[in-house]
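Reproduced below: start07.txt, with compact mmCIF, C-alpha atoms.
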# COMPACT_ATOMS: atom_id res chain seq x y z
CA MET A 6 -10.60 2.05 26.87
CA ARG A 7 -7.97 4.22 25.17
CA ALA A 8 -9.10 6.01 22.01
CA THR A 9 -7.25 5.00 18.85
CA ALA A 10 -4.73 7.64 17.76
CA VAL A 11 -4.93 9.17 14.30
CA LYS A 12 -1.70 8.29 12.51
CA LEU A 13 -2.24 10.00 9.13
CA GLU A 14 -4.61 12.81 8.22
CA ALA A 15 -5.34 14.40 4.84
CA ARG A 16 -7.20 17.71 4.91
CA ARG A 17 -8.63 18.92 1.61
CA VAL A 18 -5.57 17.64 -0.25
CA ALA A 19 -5.19 18.63 -3.90
CA ILE A 20 -2.35 17.49 -6.16
CA HIS A 21 -1.61 19.01 -9.57
CA TYR A 22 0.64 18.01 -12.45
CA ARG A 23 1.99 20.37 -15.07
CA ARG A 24 1.75 18.96 -18.60
CA GLN A 25 5.10 19.43 -20.29
CA ARG A 26 3.77 19.95 -23.82
CA SER A 27 0.95 22.39 -23.04
CA GLY A 28 2.17 23.86 -19.77
CA LEU A 29 -1.34 23.46 -18.36
CA ASN A 30 -2.07 22.06 -14.92
CA LEU A 31 -3.74 18.66 -14.59
CA ILE A 32 -5.67 18.14 -11.37
CA ALA A 33 -4.91 14.58 -10.26
CA VAL A 34 -6.39 14.68 -6.74
CA ASP A 35 -8.86 17.26 -5.51
CA GLY A 36 -10.13 17.82 -1.98
CA VAL A 37 -9.32 14.51 -0.27
CA ASP A 38 -10.24 14.35 3.42
CA LEU A 39 -9.03 11.18 5.12
CA ARG A 40 -8.03 9.92 8.55
CA VAL A 41 -6.07 6.70 9.04
CA ASP A 42 -5.85 5.33 12.57
CA GLU A 43 -2.72 3.89 14.14
CA GLY A 44 -2.41 0.22 13.25
CA GLU A 45 -5.17 0.37 10.62
CA PHE A 46 -4.92 -1.43 7.27
CA LEU A 47 -6.48 0.80 4.59
CA SER A 48 -6.97 -0.18 0.94
CA ILE A 49 -7.54 2.39 -1.81
CA VAL A 50 -9.19 1.39 -5.09
CA GLY A 51 -10.75 3.24 -8.01
CA PRO A 52 -10.74 3.60 -11.80
CA SER A 53 -7.38 3.60 -13.58
CA GLY A 54 -5.83 7.06 -13.54
CA CYS A 55 -7.89 8.25 -10.57
CA GLY A 56 -4.90 9.44 -8.52
CA LYS A 57 -4.46 6.51 -6.10
CA THR A 58 -0.71 6.18 -6.62
CA THR A 59 -0.32 9.95 -6.87
CA PHE A 60 -1.88 10.30 -3.43
CA LEU A 61 0.37 7.55 -2.04
CA ASN A 62 3.46 9.26 -3.48
CA ALA A 63 2.42 12.48 -1.75
CA VAL A 64 2.08 10.62 1.55
CA ASP A 65 5.60 9.30 1.00
CA GLY A 66 6.78 12.87 0.38
CA LEU A 67 7.88 12.14 -3.19
CA ILE A 68 5.64 14.80 -4.75
CA PRO A 69 4.29 18.06 -3.31
CA ILE A 70 0.62 18.81 -2.73
CA ALA A 71 -0.90 21.92 -4.31
CA SER A 72 -3.17 22.76 -1.38
CA GLY A 73 -4.54 21.35 1.84
CA SER A 74 -2.37 19.50 4.32
CA LEU A 75 -0.97 16.01 4.90
CA LEU A 76 -0.13 15.22 8.52
CA LEU A 77 1.74 12.26 9.99
CA ASP A 78 1.48 12.14 13.77
CA GLY A 79 0.32 15.76 13.57
CA ASN A 80 3.37 16.94 11.60
CA GLU A 81 3.24 18.19 8.02
CA ILE A 82 4.70 15.87 5.39
CA SER A 83 7.08 17.84 3.18
CA SER A 84 9.65 15.25 2.09
CA PRO A 85 10.46 11.53 2.35
CA GLY A 86 11.49 10.31 5.78
CA PRO A 87 12.37 7.20 7.78
CA ASP A 88 8.89 7.18 9.32
CA ARG A 89 7.50 5.90 5.98
CA ALA A 90 8.54 2.97 3.79
CA MET A 91 7.26 2.17 0.29
CA VAL A 92 6.80 -1.28 -1.23
CA PHE A 93 6.53 -0.94 -5.01
CA GLN A 94 5.06 -3.29 -7.62
CA GLN A 95 8.55 -4.36 -8.73
CA PRO A 96 10.95 -5.53 -5.99
CA SER A 97 13.92 -3.59 -7.48
CA LEU A 98 16.41 -5.61 -5.48
CA LEU A 99 20.10 -4.91 -5.95
CA PRO A 100 21.32 -7.96 -7.93
CA TRP A 101 24.86 -7.81 -6.53
CA ARG A 102 23.61 -8.02 -2.93
CA THR A 103 22.43 -11.12 -1.10
CA VAL A 104 19.01 -11.27 0.56
CA THR A 105 20.51 -10.13 3.86
CA ARG A 106 22.39 -7.24 2.31
CA ASN A 107 19.28 -6.12 0.41
CA VAL A 108 17.26 -6.13 3.63
CA VAL A 109 19.84 -4.00 5.49
CA TYR A 110 20.26 -1.54 2.60
CA GLY A 111 17.86 1.03 4.07
CA LEU A 112 19.57 0.79 7.44
CA GLU A 113 22.92 1.41 5.79
CA MET A 114 21.50 4.52 4.12
CA GLN A 115 20.52 5.71 7.61
CA HIS A 116 24.03 4.91 8.91
CA ARG A 117 22.62 2.17 11.13
CA ALA A 118 24.69 -0.74 9.83
CA GLY A 119 26.36 -3.16 12.20
CA ARG A 120 25.56 -6.16 14.37
CA GLU A 121 22.11 -4.86 15.27
CA SER A 122 21.17 -4.41 11.60
CA ARG A 123 22.25 -7.98 10.81
CA GLU A 124 20.15 -9.25 13.70
CA THR A 125 17.19 -7.20 12.42
CA ALA A 126 17.65 -8.65 8.94
CA ALA A 127 17.79 -12.21 10.26
CA ARG A 128 14.60 -11.69 12.27
CA LEU A 129 12.73 -10.17 9.33
CA ILE A 130 13.95 -12.81 6.85
CA ASP A 131 12.40 -15.37 9.17
CA LEU A 132 9.24 -13.27 9.58
CA VAL A 133 8.63 -13.09 5.81
CA GLY A 134 9.15 -16.82 5.43
CA LEU A 135 12.59 -16.90 3.78
CA GLN A 136 14.42 -19.08 6.27
CA GLY A 137 17.47 -20.60 4.60
CA PHE A 138 17.70 -17.92 1.89
CA ALA A 139 19.67 -15.24 3.75
CA ASP A 140 22.72 -15.72 1.51
CA ALA A 141 20.81 -16.22 -1.75
CA TRP A 142 21.08 -13.81 -4.69
CA PRO A 143 17.94 -12.14 -6.11
CA SER A 144 18.38 -14.09 -9.38
CA GLU A 145 17.92 -17.30 -7.39
CA LEU A 146 14.50 -16.24 -6.06
CA SER A 147 11.01 -16.44 -7.54
CA GLY A 148 8.93 -13.28 -7.99
CA GLY A 149 7.00 -13.95 -4.80
CA MET A 150 10.20 -14.53 -2.85
CA GLN A 151 11.67 -11.30 -4.18
CA GLN A 152 8.61 -9.41 -2.95
CA ARG A 153 9.10 -10.98 0.46
CA VAL A 154 12.61 -9.52 0.49
CA ASN A 155 11.17 -6.18 -0.63
CA LEU A 156 8.73 -6.26 2.28
CA ALA A 157 11.46 -7.21 4.78
CA ARG A 158 13.60 -4.34 3.48
CA ALA A 159 10.72 -1.91 4.04
CA LEU A 160 10.12 -3.19 7.57
CA ALA A 161 13.81 -3.12 8.50
CA THR A 162 13.81 0.64 9.16
CA ASP A 163 10.81 0.22 11.50
CA PRO A 164 8.63 2.82 9.74
CA GLU A 165 5.52 4.33 11.29
CA VAL A 166 3.55 3.78 8.06
CA LEU A 167 3.93 1.09 5.42
CA LEU A 168 2.93 2.22 1.91
CA LEU A 169 2.22 -0.53 -0.63
CA ASP A 170 1.69 0.34 -4.30
CA GLU A 171 0.16 -2.72 -6.02
CA PRO A 172 2.94 -4.96 -4.66
CA PHE A 173 1.40 -8.19 -5.97
CA ALA A 174 0.19 -7.01 -9.39
CA ALA A 175 3.03 -8.69 -11.31
CA LEU A 176 2.58 -12.09 -9.63
CA ASP A 177 0.62 -15.05 -10.98
CA ALA A 178 -2.80 -15.67 -9.40
CA GLN A 179 -1.76 -18.49 -7.09
CA THR A 180 1.34 -16.68 -5.81
CA ARG A 181 -0.68 -13.50 -5.39
CA GLU A 182 -3.17 -15.22 -3.08
CA THR A 183 -0.34 -16.76 -1.08
CA MET A 184 1.29 -13.35 -0.69
CA GLN A 185 -1.99 -11.79 0.41
CA GLN A 186 -2.24 -14.33 3.19
CA GLU A 187 1.43 -13.85 4.09
CA LEU A 188 1.05 -10.06 4.17
CA LEU A 189 -1.81 -10.39 6.66
CA ARG A 190 0.32 -12.69 8.80
CA ILE A 191 3.23 -10.22 8.75
CA TRP A 192 0.94 -7.25 9.37
CA GLY A 193 -0.62 -9.13 12.28
CA ALA A 194 2.84 -9.59 13.79
CA THR A 195 3.95 -5.97 13.33
CA ARG A 196 0.63 -4.03 13.38
CA LYS A 197 2.09 -1.30 11.22
CA THR A 198 -0.28 1.31 9.86
CA ALA A 199 -0.63 0.28 6.21
CA ILE A 200 -2.00 1.97 3.07
CA PHE A 201 -2.42 -0.45 0.19
CA ILE A 202 -3.11 0.57 -3.42
CA THR A 203 -4.67 -2.02 -5.73
CA HIS A 204 -6.93 -2.48 -8.76
CA ASP A 205 -8.10 -5.81 -7.38
CA ILE A 206 -11.33 -5.36 -5.39
CA THR A 207 -11.16 -8.86 -3.92
CA GLU A 208 -7.63 -8.18 -2.69
CA ALA A 209 -8.68 -4.85 -1.18
CA VAL A 210 -11.58 -6.37 0.78
CA TYR A 211 -9.59 -9.39 1.93
CA LEU A 212 -6.70 -7.35 3.33
CA ALA A 213 -8.27 -4.20 4.72
CA ASP A 214 -10.00 -2.89 7.80
CA ARG A 215 -11.43 -0.20 5.54
CA VAL A 216 -11.67 0.36 1.78
CA ILE A 217 -11.66 3.80 0.15
CA VAL A 218 -12.96 4.24 -3.41
CA PHE A 219 -11.64 7.19 -5.41
CA THR A 220 -13.68 8.87 -8.12
CA ALA A 221 -12.40 9.13 -11.68
CA ARG A 222 -9.88 11.94 -12.12
CA PRO A 223 -9.65 14.23 -10.33
CA GLY A 224 -9.56 11.79 -7.44
CA ARG A 225 -11.96 12.40 -4.59
CA ILE A 226 -13.32 9.97 -2.03
CA LYS A 227 -16.61 8.51 -3.29
CA LEU A 228 -17.01 5.63 -0.84
CA ASP A 229 -15.50 4.86 2.58
CA VAL A 230 -16.55 1.41 3.79
CA LYS A 231 -15.51 -0.40 6.96
CA ILE A 232 -14.86 -4.09 6.33
CA GLU A 233 -16.49 -5.80 9.27
CA LEU A 234 -15.11 -9.28 8.72
CA PRO A 235 -13.32 -11.23 11.47
CA ARG A 236 -9.56 -11.58 11.76
CA PRO A 237 -7.46 -13.63 11.30
CA ARG A 238 -8.74 -14.18 7.76
CA ASP A 239 -8.48 -17.38 5.79
CA LEU A 240 -8.63 -17.38 1.98
CA ARG A 241 -11.94 -19.26 2.24
CA LEU A 242 -13.44 -16.00 3.51
CA LYS A 243 -13.53 -14.82 -0.12
CA ARG A 244 -16.49 -17.18 -0.67
CA ASP A 245 -18.47 -15.80 2.28
CA ALA A 246 -21.73 -14.00 1.39
CA ARG A 247 -20.73 -10.92 3.41
CA PHE A 248 -17.42 -10.73 1.55
CA ILE A 249 -19.20 -10.96 -1.81
CA ASP A 250 -21.58 -8.18 -0.76
CA TYR A 251 -18.62 -5.86 -0.04
CA GLU A 252 -17.11 -6.74 -3.42
CA ARG A 253 -20.36 -6.00 -5.23
CA MET A 254 -20.84 -2.65 -3.49
CA ILE A 255 -17.30 -1.50 -4.33
CA TRP A 256 -17.44 -2.83 -7.91
CA GLU A 257 -20.73 -1.00 -8.57
CA THR A 258 -19.28 2.22 -7.14
CA ILE A 259 -16.23 2.01 -9.44
CA ARG A 260 -18.41 1.08 -12.42
CA GLU A 261 -20.50 4.23 -11.85
CA GLU A 262 -17.34 6.30 -12.01
CA VAL A 263 -16.08 4.62 -15.18
CA ILE A 264 -19.43 5.23 -16.90
CA ARG A 265 -19.53 8.85 -15.70
CA SER A 266 -16.00 9.42 -16.94
CA GLU A 267 -16.69 7.88 -20.34
CA SER A 268 -19.87 9.93 -20.75
CA ARG A 269 -17.93 13.16 -20.40
CA GLY A 270 -15.15 11.97 -22.74
CA GLN A 271 -12.41 11.66 -20.14
CA ALA A 272 -9.75 9.13 -21.07
CA ILE A 273 -9.10 6.46 -18.44
CA ALA A 274 -5.39 5.65 -18.42

Translate the structure of the given file into structure tokens.
Amino acid sequence: MRATAVKLEARRVAIHYRRQRSGLNLIAVDGVDLRVDEGEFLSIVGPSGCGKTTFLNAVDGLIPIASGSLLLDGNEISSPGPDRAMVFQQPSLLPWRTVTRNVVYGLEMQHRAGRESRETAARLIDLVGLQGFADAWPSELSGGMQQRVNLARALATDPEVLLLDEPFAALDAQTRETMQQELLRIWGATRKTAIFITHDITEAVYLADRVIVFTARPGRIKLDVKIELPRPRDLRLKRDARFIDYERMIWETIREEVIRSESRGQAIA
């Protein structure tokens, strides 16, 4: 049996911000050690302001790390690249482009436009469940449909790692659950390595192979738990006793961090 390859590795990663008014450094993430296997779905949760999104932005190459190393396929991450694609909370679709032309936008930026890109877009539009909407404008789509386009656009460049920063946070509860199920279906079809940031513990457990809990700022890994629940997963799994046990463990871990942070007077924001 072939050993699973390590896709992403963080070694003692620290990330600092410089406060504009005081000029002092703020330590957002401090000493994160993490390995993400090829094809793994990893969720990261933690108190507000703990550095989850900051860490994800560093993986995407959008911000530099202060120390340590971030490796993708053994190579240092120093800038954004086509091997990573980010799905943000807001779809940010270009309103003057149809669904198809939004999906191929990243390919155009990589000078890969043409017949092949249109075929890729058509395949992905079908994959994300938007058959019949290829020529629709973003204004004609619901929030959930727009996020499907956003996801198709991210997949179009065939990235090695899919980075998702609370992509369903702005959706209503019913649409959010539908999109969770759809994301698992799409991930099952593509098996992309995925790192998913969320505040929703239930969402994290439902989606992930493994859940990481960050401490309050500065962010460190407090809990690393493997979610040993069968796939494919139905929404009814959320009522399973084992699922509820994972939720409780993660919630209590985050609660400990919130209390510890409040006791030392650190603002959670």

**Request:** Name all residues at most 12 Å from Ala161 of chain A (count all atoms listed in the file; drop same-chain ones fewer than 6 positions away) and give them as a ChimeraX atom specification.
**Result:** /A:87-91,105-115,117-118,121-130,132-133,154-155,167,195

**Request:** Provide the atom CA of Ala33 of chain A to atom CA of Gly79 of chain A distance in Å, to one decimal place.
**Result:** 24.4 Å

**Asked** Of the candidates A:Asp35, A:Asp245, A:Asp239, A:Asp205, which one gets nearest to Gly51 of chain A if we count all atoms listed in the file?
**Response**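 Nearest candidate to Gly51 of chain A out of A:Asp35, A:Asp245, A:Asp239, A:Asp205: A:Asp205.
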
**Nearest to Val104 of chain A, chosen from A:Gln152, A:Thr58, A:Gln185, A:Ser74, with only C-alpha atoms counted in the distances** =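 So, comparing all the options, the nearest one is A:Gln152.
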
**Message:** I need the residue nearest Arg236 of chain A from this list: A:Asp214, A:Asp78, A:Asp131, A:Asp140. Use only C-alpha atoms for the distance.
**Reply:**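 Checking each candidate against Arg236 of chain A, we get A:Asp214 as the closest.
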
**Request:** Considering only C-alpha atoms, return as a PyMOL selection string whatever protein or nucleic-acid residues lie within 10 Å of His204 of chain A, sequence-local ones (same chain, fewer than 4 positions apart) excluded.
**Result:** chain A and resi 48-53+57+171+174+208-209

For the selection just defined, write its residues with C-alpha atoms to a file, as a compact mmCIF listing (two decimals), in the frame of the given file.
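Saved result, out10.txt, follows:
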# COMPACT_ATOMS: atom_id res chain seq x y z
CA SER A 48 -6.97 -0.18 0.94
CA ILE A 49 -7.54 2.39 -1.81
CA VAL A 50 -9.19 1.39 -5.09
CA GLY A 51 -10.75 3.24 -8.01
CA PRO A 52 -10.74 3.60 -11.80
CA SER A 53 -7.38 3.60 -13.58
CA LYS A 57 -4.46 6.51 -6.10
CA GLU A 171 0.16 -2.72 -6.02
CA ALA A 174 0.19 -7.01 -9.39
CA GLU A 208 -7.63 -8.18 -2.69
CA ALA A 209 -8.68 -4.85 -1.18

**Request:** For Leu13 of chain A, work out the shell of residues within 12 Å, counting all atoms listed in the file and skipping chain neighbours fewer than 3 positions away, then give it as an NGL selection string.
**Result:** :A and (10 or 16 or 38-47 or 61 or 64-65 or 74-82 or 88-89 or 165-168 or 198-200)

**Item:** For Ile202 of chain A, the nearest of the candidates A:Val230, A:Pro69, A:Trp101, A:Asp170, counting all atoms listed in the file
**Value:**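 Smallest separation from Ile202 of chain A among the options: A:Asp170.
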
**Request:** For atom CA of Arg225 of chain A and atom CA of Arg253 of chain A, determine how far apart the two atoms are, in Å to one decimal place.
**Result:**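 Result for atom CA of Arg225 of chain A versus atom CA of Arg253 of chain A: 20.2 Å, one decimal.
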
**Message:** What's the separation between atom CA of Phe173 of chain A and atom CA of Thr207 of chain A, in Å to one decimal place?
**Reply:**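 Between atom CA of Phe173 of chain A and atom CA of Thr207 of chain A the gap works out to 12.7 Å.
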
**Complete:** The residue from A:Thr180, A:Ser97, A:Val92, A:Leu212 with the smallest atom-to-atom distance to Trp192 of chain A, counting all atoms listed in the file, is A:Leu212

**Message:** List as a list in words the protein and nucleic acid residues near Ile226 of chain A, meaning an atom at most 9 Å away when only C-alpha atoms are counted, but skip any in the same chain fewer than 6 places from it.
**Reply:**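 So the residues in contact are Gly36, Val37, Asp38, Leu39, Ile217, Val218, Phe219 and Thr220 of chain A.
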
**Message:** Using all atoms listed in the file, can you tell me which of A:Thr162, A:Arg26, A:Ser266, A:Lys243 comes closest to His116 of chain A?
**Reply:** A:Thr162
